[in-house]
>>> print(open('final_31.cif').read())   # mmCIF, C-alpha atoms and all ligand atoms
data_structure
loop_
_atom_site.label_atom_id
_atom_site.label_comp_id
_atom_site.auth_asym_id
_atom_site.auth_seq_id
_atom_site.Cartn_x
_atom_site.Cartn_y
_atom_site.Cartn_z
CA MET B 1 11.50 11.87 -26.34
CA THR B 2 11.20 11.18 -22.61
CA ALA B 3 10.43 7.68 -21.38
CA PRO B 4 6.88 7.12 -20.07
CA ARG B 5 6.38 7.22 -16.30
CA VAL B 6 3.07 5.36 -16.46
CA LEU B 7 2.25 2.41 -18.67
CA HIS B 8 -1.11 1.28 -20.05
CA THR B 9 -1.07 -2.32 -21.08
CA ASP B 10 -3.03 -5.55 -21.20
CA ALA B 11 -1.30 -7.43 -18.41
CA GLU B 12 -1.48 -11.22 -18.58
CA VAL B 13 -2.39 -13.27 -15.54
CA LEU B 14 0.52 -15.62 -14.95
CA ALA B 15 -0.49 -17.28 -11.70
CA HIS B 16 -2.43 -16.89 -8.52
CA LYS B 17 -1.77 -18.40 -5.16
CA ARG B 18 -3.80 -18.47 -1.98
CA ALA B 19 -2.22 -16.93 1.10
CA GLY B 20 -4.65 -17.67 3.90
CA SER B 21 -7.80 -15.83 2.89
CA LEU B 22 -5.81 -13.42 0.69
CA HIS B 23 -4.48 -14.10 -2.80
CA VAL B 24 -1.22 -13.27 -4.56
CA VAL B 25 -1.86 -12.61 -8.25
CA THR B 26 1.13 -12.49 -10.59
CA LEU B 27 0.81 -10.52 -13.82
CA VAL B 28 3.15 -10.15 -16.77
CA ALA B 29 3.39 -6.39 -17.11
CA PRO B 30 6.44 -5.30 -19.11
CA GLY B 31 8.06 -2.09 -17.90
CA VAL B 32 6.09 -1.63 -14.68
CA ALA B 33 8.71 -3.19 -12.43
CA GLU B 34 11.33 -0.70 -13.61
CA LEU B 35 9.10 2.30 -12.87
CA HIS B 36 7.54 1.15 -9.61
CA ARG B 37 8.46 2.77 -6.29
CA PRO B 38 6.95 1.64 -2.96
CA GLY B 39 3.67 3.47 -2.40
CA THR B 40 2.68 3.65 -6.06
CA PHE B 41 -0.23 1.54 -7.22
CA ALA B 42 -1.74 -0.28 -10.18
CA GLU B 43 -5.24 0.35 -11.53
CA LEU B 44 -6.90 -2.68 -13.11
CA THR B 45 -10.12 -3.03 -15.07
CA LEU B 46 -11.85 -6.06 -13.60
CA GLY B 47 -14.66 -8.24 -14.83
CA GLY B 48 -13.45 -9.35 -18.25
CA PRO B 49 -14.62 -8.26 -21.72
CA ASP B 50 -18.04 -9.95 -21.44
CA SER B 51 -18.95 -8.45 -18.08
CA ASP B 52 -21.71 -5.87 -17.69
CA ARG B 53 -20.13 -4.88 -14.37
CA LEU B 54 -16.71 -3.65 -15.41
CA ALA B 55 -14.95 -2.02 -12.49
CA ARG B 56 -11.69 -0.17 -12.05
CA HIS B 57 -9.84 -1.10 -8.91
CA ALA B 58 -6.60 0.10 -7.33
CA PHE B 59 -4.05 -2.31 -5.85
CA TRP B 60 -0.76 -1.78 -4.09
CA ILE B 61 2.10 -3.40 -5.97
CA LEU B 62 3.40 -6.11 -3.65
CA ARG B 63 6.52 -7.23 -5.50
CA THR B 64 8.14 -6.68 -8.86
CA ARG B 65 10.51 -8.80 -10.92
CA PRO B 66 12.04 -6.89 -13.83
CA SER B 67 13.16 -10.04 -15.60
CA GLY B 68 12.49 -13.71 -15.25
CA THR B 69 11.33 -16.68 -17.29
CA TYR B 70 8.15 -14.84 -18.24
CA GLY B 71 9.66 -11.36 -18.54
CA SER B 72 8.76 -8.46 -16.29
CA THR B 73 6.14 -9.37 -13.68
CA ILE B 74 4.37 -7.75 -10.77
CA GLU B 75 2.52 -9.30 -7.85
CA LEU B 76 -0.63 -7.94 -6.25
CA LEU B 77 -2.02 -8.92 -2.87
CA VAL B 78 -5.77 -9.25 -3.30
CA ALA B 79 -8.50 -9.45 -0.68
CA GLU B 80 -11.85 -10.66 -2.04
CA ARG B 81 -14.12 -7.73 -1.30
CA ASP B 82 -16.49 -7.42 -4.26
CA PRO B 83 -17.39 -9.05 -7.60
CA GLY B 84 -14.37 -7.49 -9.29
CA THR B 85 -11.78 -8.85 -6.87
CA ARG B 86 -13.54 -12.24 -6.85
CA TRP B 87 -13.25 -12.28 -10.64
CA LEU B 88 -9.55 -11.42 -10.48
CA VAL B 89 -8.63 -14.23 -8.09
CA GLN B 90 -10.47 -16.77 -10.26
CA THR B 91 -9.16 -15.73 -13.67
CA ALA B 92 -7.39 -18.39 -15.68
CA PRO B 93 -3.69 -17.94 -16.44
CA GLY B 94 -3.33 -16.19 -19.76
CA THR B 95 -6.31 -13.88 -19.19
CA ALA B 96 -5.62 -10.29 -20.25
CA VAL B 97 -6.42 -7.61 -17.67
CA PRO B 98 -6.20 -3.93 -18.66
CA LEU B 99 -3.70 -2.29 -16.32
CA THR B 100 -2.34 1.22 -15.76
CA ALA B 101 0.73 1.51 -13.53
CA PRO B 102 2.60 2.67 -11.64
CA LEU B 103 0.33 5.48 -10.45
CA GLY B 104 0.56 8.09 -7.73
CA ARG B 105 3.37 9.44 -5.60
CA PRO B 106 5.54 6.99 -3.70
CA PHE B 107 6.66 7.09 -0.09
CA ALA B 108 9.37 9.66 0.49
CA LEU B 109 12.58 8.14 1.81
CA PRO B 110 14.59 9.82 4.56
CA ARG B 111 17.90 11.39 3.49
CA GLU B 112 19.64 10.11 6.62
CA ALA B 113 19.87 6.63 8.10
CA VAL B 114 17.17 6.99 10.74
CA THR B 115 14.87 4.68 12.67
CA CYS B 116 11.59 3.95 10.90
CA THR B 117 8.46 2.11 12.02
CA LEU B 118 6.20 0.59 9.36
CA VAL B 119 2.60 -0.09 10.35
CA ALA B 120 0.31 -2.11 8.07
CA HIS B 121 -3.08 -3.75 8.34
CA GLU B 122 -3.93 -6.89 6.30
CA ASP B 123 -3.44 -6.26 2.54
CA GLY B 124 -1.96 -2.85 3.36
CA VAL B 125 1.29 -4.74 3.89
CA ALA B 126 1.64 -4.75 0.10
CA ALA B 127 2.36 -1.02 0.23
CA VAL B 128 5.23 -1.37 2.71
CA LEU B 129 6.85 -4.71 1.88
CA GLY B 130 9.20 -3.20 -0.69
CA LEU B 131 9.60 -0.04 1.36
CA ALA B 132 11.27 -1.97 4.17
CA GLY B 133 14.02 -3.11 1.79
CA ARG B 134 14.55 0.39 0.39
CA LEU B 135 14.91 1.82 3.88
CA LYS B 136 17.35 -0.87 4.92
CA GLU B 137 19.47 -0.20 1.83
CA ARG B 138 19.76 3.39 3.07
CA GLY B 139 21.02 2.20 6.44
CA CYS B 140 17.78 2.83 8.30
CA VAL B 141 16.75 0.72 11.26
CA VAL B 142 13.38 -0.75 10.28
CA HIS B 143 10.71 -1.93 12.69
CA VAL B 144 7.43 -3.39 11.44
CA VAL B 145 4.07 -3.84 13.14
CA LEU B 146 1.49 -5.90 11.26
CA GLY B 147 -2.15 -6.25 12.18
CA ALA B 148 -5.04 -8.37 10.93
CA ALA B 149 -8.38 -9.76 12.01
CA SER B 150 -6.82 -13.22 12.17
CA ASP B 151 -3.86 -15.31 11.05
CA ALA B 152 -5.65 -16.04 7.75
CA ARG B 153 -5.57 -12.36 6.79
CA LEU B 154 -1.96 -11.79 7.76
CA TYR B 155 0.69 -11.68 5.05
CA GLY B 156 4.37 -10.86 4.73
CA ALA B 157 5.70 -11.36 8.26
CA LEU B 158 8.26 -13.95 7.18
CA ASP B 159 9.53 -11.81 4.30
CA LEU B 160 9.77 -8.77 6.50
CA ARG B 161 11.74 -10.63 9.17
CA ARG B 162 14.60 -10.85 6.63
CA THR B 163 14.70 -7.08 6.36
CA ALA B 164 13.41 -5.52 9.55
CA ARG B 165 15.11 -5.49 12.92
CA THR B 166 11.81 -6.38 14.57
CA VAL B 167 8.43 -7.57 13.31
CA GLN B 168 5.50 -7.54 15.70
CA VAL B 169 2.14 -9.09 14.90
CA VAL B 170 -1.24 -8.16 16.34
CA THR B 171 -4.46 -10.03 15.54
CA ALA B 172 -7.95 -9.18 16.69
CA ASP B 173 -8.73 -12.80 17.55
CA GLY B 174 -5.32 -13.60 19.02
CA SER B 175 -4.75 -16.45 16.51
CA VAL B 176 -1.16 -15.29 16.05
CA GLY B 177 0.92 -12.68 17.83
CA ARG B 178 -0.55 -10.36 20.39
CA ARG B 179 -4.35 -10.11 20.67
CA GLY B 180 -5.68 -6.64 19.96
CA GLU B 181 -5.87 -3.86 17.40
CA LEU B 182 -2.95 -2.01 15.84
CA ALA B 183 -4.17 1.38 16.96
CA GLU B 184 -4.29 0.15 20.59
CA VAL B 185 -0.70 -1.08 20.67
CA LEU B 186 0.78 1.75 18.62
CA PRO B 187 1.48 4.22 21.47
CA ALA B 188 3.56 1.68 23.44
CA VAL B 189 5.33 0.47 20.28
CA LEU B 190 6.35 3.99 19.27
CA ASP B 191 7.45 4.83 22.83
CA GLU B 192 9.74 1.81 22.73
CA GLN B 193 11.08 2.15 19.17
CA ARG B 194 11.35 5.97 19.07
CA PRO B 195 11.25 6.25 15.26
CA GLU B 196 12.02 9.45 13.38
CA VAL B 197 9.58 8.41 10.62
CA VAL B 198 6.43 6.31 10.81
CA TYR B 199 4.89 4.85 7.64
CA ALA B 200 1.39 3.40 7.62
CA ALA B 201 -0.95 1.57 5.23
CA GLY B 202 -4.41 0.37 6.10
CA PRO B 203 -7.89 1.70 6.88
CA VAL B 204 -8.46 5.38 7.62
CA PRO B 205 -8.81 5.03 11.43
CA LEU B 206 -5.37 3.37 11.54
CA LEU B 207 -3.82 6.06 9.34
CA ARG B 208 -5.35 8.74 11.52
CA ALA B 209 -4.12 7.12 14.73
CA THR B 210 -0.64 6.69 13.24
CA ALA B 211 -0.47 10.34 12.22
CA ALA B 212 -1.58 11.49 15.67
CA GLU B 213 0.74 9.20 17.62
CA ALA B 214 3.72 10.10 15.44
CA GLU B 215 3.06 13.81 15.74
CA ALA B 216 2.70 13.51 19.53
CA ARG B 217 6.26 12.12 19.61
CA GLY B 218 7.78 14.62 17.18
CA ALA B 219 8.08 12.02 14.39
CA TRP B 220 7.17 12.43 10.71
CA SER B 221 4.41 10.24 9.38
CA GLN B 222 3.56 9.16 5.86
CA VAL B 223 0.28 7.40 5.32
CA ALA B 224 -0.81 5.43 2.25
CA TYR B 225 -4.47 6.19 1.59
CA ALA B 226 -6.44 3.26 0.19
CA GLY B 227 -9.90 4.71 -0.40
CA ALA B 228 -11.87 4.28 -3.62
CA MET B 229 -9.97 5.17 -6.79
CA PRO B 230 -12.59 4.88 -9.56
CA CYS B 231 -10.32 6.02 -12.39
CA GLY B 232 -6.84 6.20 -10.85
CA VAL B 233 -5.62 8.88 -13.23
CA GLY B 234 -7.09 12.15 -11.99
CA HIS B 235 -10.23 12.43 -14.13
CA CYS B 236 -13.23 11.47 -12.01
CA LEU B 237 -12.62 13.37 -8.71
CA GLY B 238 -13.84 10.26 -6.91
CA CYS B 239 -10.85 10.09 -4.58
CA LEU B 240 -10.71 13.53 -2.96
CA VAL B 241 -8.82 13.83 0.33
CA PRO B 242 -9.05 16.97 2.50
CA VAL B 243 -5.58 18.29 3.30
CA VAL B 244 -3.75 21.42 4.34
CA GLY B 245 -1.21 22.34 1.67
CA GLU B 246 2.34 23.50 2.27
CA ASP B 247 0.98 27.02 1.85
CA ALA B 248 -1.27 26.35 4.91
CA VAL B 249 -4.39 26.58 2.71
CA ALA B 250 -7.06 23.89 3.17
CA ARG B 251 -8.03 22.14 -0.04
CA ASN B 252 -9.24 18.82 -1.40
CA VAL B 253 -6.73 16.93 -3.52
CA ARG B 254 -6.94 13.80 -5.65
CA ALA B 255 -5.46 10.82 -3.85
CA CYS B 256 -4.59 9.13 -7.15
CA THR B 257 -2.38 11.95 -8.39
CA GLU B 258 -1.37 14.04 -5.35
CA GLY B 259 -1.30 10.90 -3.17
CA PRO B 260 -1.89 8.12 -2.38
CA VAL B 261 0.90 8.76 0.11
CA PHE B 262 0.35 11.83 2.26
CA ARG B 263 2.13 13.41 5.17
CA GLY B 264 -0.06 12.38 8.07
CA ASP B 265 -0.03 15.85 9.62
CA ARG B 266 -1.33 17.39 6.37
CA VAL B 267 -4.60 15.41 6.24
CA ARG B 268 -7.73 16.98 7.77
CA TRP B 269 -8.80 13.73 9.36
CA ASP B 270 -12.12 15.00 10.76
CA GLU B 271 -13.31 15.47 7.18
CA VAL B 272 -12.10 12.21 5.65
CA THR B 273 -15.15 10.15 4.80
CA SER B 274 -13.76 6.72 3.83
S1 LIG J 1 -9.56 8.10 -8.87
FE1 LIG J 1 -10.45 9.40 -10.37
S2 LIG J 1 -9.62 11.37 -9.89
FE2 LIG J 1 -8.63 10.01 -8.50
#
>>> encode(input="final_31.cif", output="C-alpha cells")
Amino acid sequence: MTAPRVLHTDAEVLAHKRAGSLHVVTLVAPGVAELHRPGTFAELTLGGPDSDRLARHAFWILRTRPSGTYGSTIELLVAERDPGTRWLVQTAPGTAVPLTAPLGRPFALPREAVTCTLVAHEDGVAAVLGLAGRLKERGCVVHVVLGAASDARLYGALDLRRTARTVQVVTADGSVGRRGELAEVLPAVLDEQRPEVVYAAGPVPLLRATAAEAEARGAWSQVAYAGAMPCGVGHCLGCLVPVVGEDAVARNVRACTEGPVFRGDRVRWDEVTS
C-alpha cells in the first residue's frame, strides 16, 4: 500500500499570534509537515460546526514542524478578509478545524545552483518563506523582495534575512523600506540581481508583472496563484486558470490540482479574471 500524499484530518488549533495586522495560526496536523513542499497549500473548512456560513478556504503553509511538544504542527499566515478568516483568528485553542493538506503542485527547484529572486506581497510571503531555505540548501543565491501596503502587513523579513543574500522591502505608504509598489521596482531589481529564476506569490497583477519582467530578461518564472479555491481538490471547477500547455494548446486548468504554481510564461494573463 502506498503512503497517502494528501491528508484529511481535524486539525487542532494550538495557538494564534498577531503579527501586525496579520495572524500566525498554529495547528496540530499530524503528517502534513512530512508531506509539505513549498508552494503546496492547505484547505480549511472555516466557521465551526454551528455556523450556517461554512466556507472552504485555501492557505499557504508558512512553516512546518514535524515533531515538537505537541507533535506535528503547521503554521498559517492569515489575513482577515472575510467572516471565515475572522473566525479562524479568533478560535480558541483546542478547536478542531477540518483540514486537507498538502494540496497542489509545489515550486519546482532548479537542478543547478543558480541565482533566484523571490517576490512576495503581504501574506504571499507564506508561499516563499520555506522556498528560500530549500534554494539555499541547493547552493542557490537567494534574493528576496517583499511588498506590502504598510509595515503592519509585512511579515517574514527577519526570518528571510537569515537565508537570503539580500532582502528588500517596499511599502505603499513608505512606513518601512522603500516607498512604492513591488511591480514598479521589479525591473530595476531584476536588472541588478540578474536571476536565472524568479518566483512570485501575491495578487494577479504582481504575478503577471513578474512573469513579463522575467521573460524580458530571459529568466524562468514560477508564480503561485492565490485565487479562490472553493473545494481545493479538483471537484468544483471554481479555480480555472487559462494557460498554454506544453503541447502549445490553450486550455483552462484547475489551479488546485494543476497549480497553484505555474510557469509564468504559460499563463494567458489577458484572460485571468481574479
Ligand atoms: S478549487 Fe474546486 S476544482 Fe479547484
>>> closest_residue(input="final_31.cif", among="B:Val125, B:Ala188, B:Val32, B:Ala226", to="Ala214 (chain B)", atoms="all atoms listed in the file")
B:Ala188
>>> closest_residue(input="final_31.cif", among="B:His57, B:Leu62, B:Val244, B:Ala183", to="ligand LIG 1 (chain J)", atoms="only C-alpha atoms and all ligand atoms")
B:His57
>>> residues_near_ligand(input="final_31.cif", ligand="ligand LIG 1 (chain J)", cutoff="9 Å", atoms="all atoms listed in the file", output="PDB file with C-alpha atoms, keeping the file's coordinate frame")
ATOM      1  CA  ALA B  58      -6.600   0.100  -7.330  1.00  0.00           C
ATOM      2  CA  ALA B 228     -11.870   4.280  -3.620  1.00  0.00           C
ATOM      3  CA  MET B 229      -9.970   5.170  -6.790  1.00  0.00           C
ATOM      4  CA  PRO B 230     -12.590   4.880  -9.560  1.00  0.00           C
ATOM      5  CA  CYS B 231     -10.320   6.020 -12.390  1.00  0.00           C
ATOM      6  CA  GLY B 232      -6.840   6.200 -10.850  1.00  0.00           C
ATOM      7  CA  VAL B 233      -5.620   8.880 -13.230  1.00  0.00           C
ATOM      8  CA  GLY B 234      -7.090  12.150 -11.990  1.00  0.00           C
ATOM      9  CA  HIS B 235     -10.230  12.430 -14.130  1.00  0.00           C
ATOM     10  CA  CYS B 236     -13.230  11.470 -12.010  1.00  0.00           C
ATOM     11  CA  LEU B 237     -12.620  13.370  -8.710  1.00  0.00           C
ATOM     12  CA  GLY B 238     -13.840  10.260  -6.910  1.00  0.00           C
ATOM     13  CA  CYS B 239     -10.850  10.090  -4.580  1.00  0.00           C
ATOM     14  CA  LEU B 240     -10.710  13.530  -2.960  1.00  0.00           C
ATOM     15  CA  VAL B 253      -6.730  16.930  -3.520  1.00  0.00           C
ATOM     16  CA  ARG B 254      -6.940  13.800  -5.650  1.00  0.00           C
ATOM     17  CA  ALA B 255      -5.460  10.820  -3.850  1.00  0.00           C
ATOM     18  CA  CYS B 256      -4.590   9.130  -7.150  1.00  0.00           C
ATOM     19  CA  THR B 257      -2.380  11.950  -8.390  1.00  0.00           C
ATOM     20  CA  GLU B 258      -1.370  14.040  -5.350  1.00  0.00           C
TER      21      GLU B 258
END
>>> closest_residue(input="final_31.cif", among="B:Leu88, B:Pro66, B:Gly94, B:Gly227", to="Leu14 (chain B)", atoms="all atoms listed in the file")
B:Gly94
>>> atom_distance(input="final_31.cif", atom1="CA of Val97 (chain B)", atom2="CA of Val128 (chain B)")
24.3 Å
>>> closest_residue(input="final_31.cif", among="B:Arg251, B:Arg153, B:His143, B:Arg263", to="Ala219 (chain B)", atoms="only C-alpha atoms")
B:Arg263
>>> residues_around(input="final_31.cif", residues="Thr85 (chain B)", least_positions_apart="3", cutoff="12 Å", atoms="all atoms listed in the file", output="compact mmCIF listing (two decimals) with C-alpha atoms, in the frame of the given file")
# COMPACT_ATOMS: atom_id res chain seq x y z
CA LEU B 22 -5.81 -13.42 0.69
CA HIS B 23 -4.48 -14.10 -2.80
CA VAL B 24 -1.22 -13.27 -4.56
CA VAL B 25 -1.86 -12.61 -8.25
CA LEU B 44 -6.90 -2.68 -13.11
CA THR B 45 -10.12 -3.03 -15.07
CA LEU B 46 -11.85 -6.06 -13.60
CA GLY B 47 -14.66 -8.24 -14.83
CA GLY B 48 -13.45 -9.35 -18.25
CA ARG B 53 -20.13 -4.88 -14.37
CA LEU B 54 -16.71 -3.65 -15.41
CA ALA B 55 -14.95 -2.02 -12.49
CA ARG B 56 -11.69 -0.17 -12.05
CA HIS B 57 -9.84 -1.10 -8.91
CA ALA B 58 -6.60 0.10 -7.33
CA PHE B 59 -4.05 -2.31 -5.85
CA LEU B 76 -0.63 -7.94 -6.25
CA LEU B 77 -2.02 -8.92 -2.87
CA VAL B 78 -5.77 -9.25 -3.30
CA ALA B 79 -8.50 -9.45 -0.68
CA GLU B 80 -11.85 -10.66 -2.04
CA ARG B 81 -14.12 -7.73 -1.30
CA ASP B 82 -16.49 -7.42 -4.26
CA LEU B 88 -9.55 -11.42 -10.48
CA VAL B 89 -8.63 -14.23 -8.09
CA GLN B 90 -10.47 -16.77 -10.26
CA THR B 91 -9.16 -15.73 -13.67
>>> closest_residue(input="final_31.cif", among="B:Thr40, B:Thr117, B:Ser221, B:Thr100", to="Val6 (chain B)", atoms="all atoms listed in the file")
B:Thr100
>>> atom_distance(input="final_31.cif", atom1="CA of Gln222 (chain B)", atom2="CA of Thr64 (chain B)")
22.1 Å
>>> closest_residue(input="final_31.cif", among="B:Ala149, B:Leu190, B:Ala201, B:Val176", to="Leu131 (chain B)", atoms="only C-alpha atoms")
B:Ala201
>>> residues_around(input="final_31.cif", residues="Ala15 (chain B)", least_positions_apart="6", cutoff="8 Å", atoms="all atoms listed in the file", output="list in words")
Val25, Thr26, Leu27 and Pro93 of chain B
>>> write_last_selection(input="final_31.cif", atoms="C-alpha atoms", output="PDB file, keeping the file's coordinate frame")
ATOM      1  CA  VAL B  25      -1.860 -12.610  -8.250  1.00  0.00           C
ATOM      2  CA  THR B  26       1.130 -12.490 -10.590  1.00  0.00           C
ATOM      3  CA  LEU B  27       0.810 -10.520 -13.820  1.00  0.00           C
ATOM      4  CA  PRO B  93      -3.690 -17.940 -16.440  1.00  0.00           C
TER       5      PRO B  93
END
>>> residues_around(input="final_31.cif", residues="Thr9 (chain B)", least_positions_apart="6", cutoff="9 Å", atoms="all atoms listed in the file", output="list in words")
Ala29, Pro30, Val97, Pro98, Leu99, Thr100 and Ala101 of chain B
>>> atom_distance(input="final_31.cif", atom1="CA of Ala19 (chain B)", atom2="CA of Glu122 (chain B)")
11.4 Å
>>> residues_around(input="final_31.cif", residues="Thr115 (chain B)", least_positions_apart="3", cutoff="10 Å", atoms="only C-alpha atoms", output="ChimeraX atom specification")
/B:110,112,135-136,139-143,193-198
>>> residues_around(input="final_31.cif", residues="Ser72 (chain B)", least_positions_apart="2", cutoff="7 Å", atoms="only C-alpha atoms", output="number ranges by chain")
B: 28-31, 33, 65-68, 70
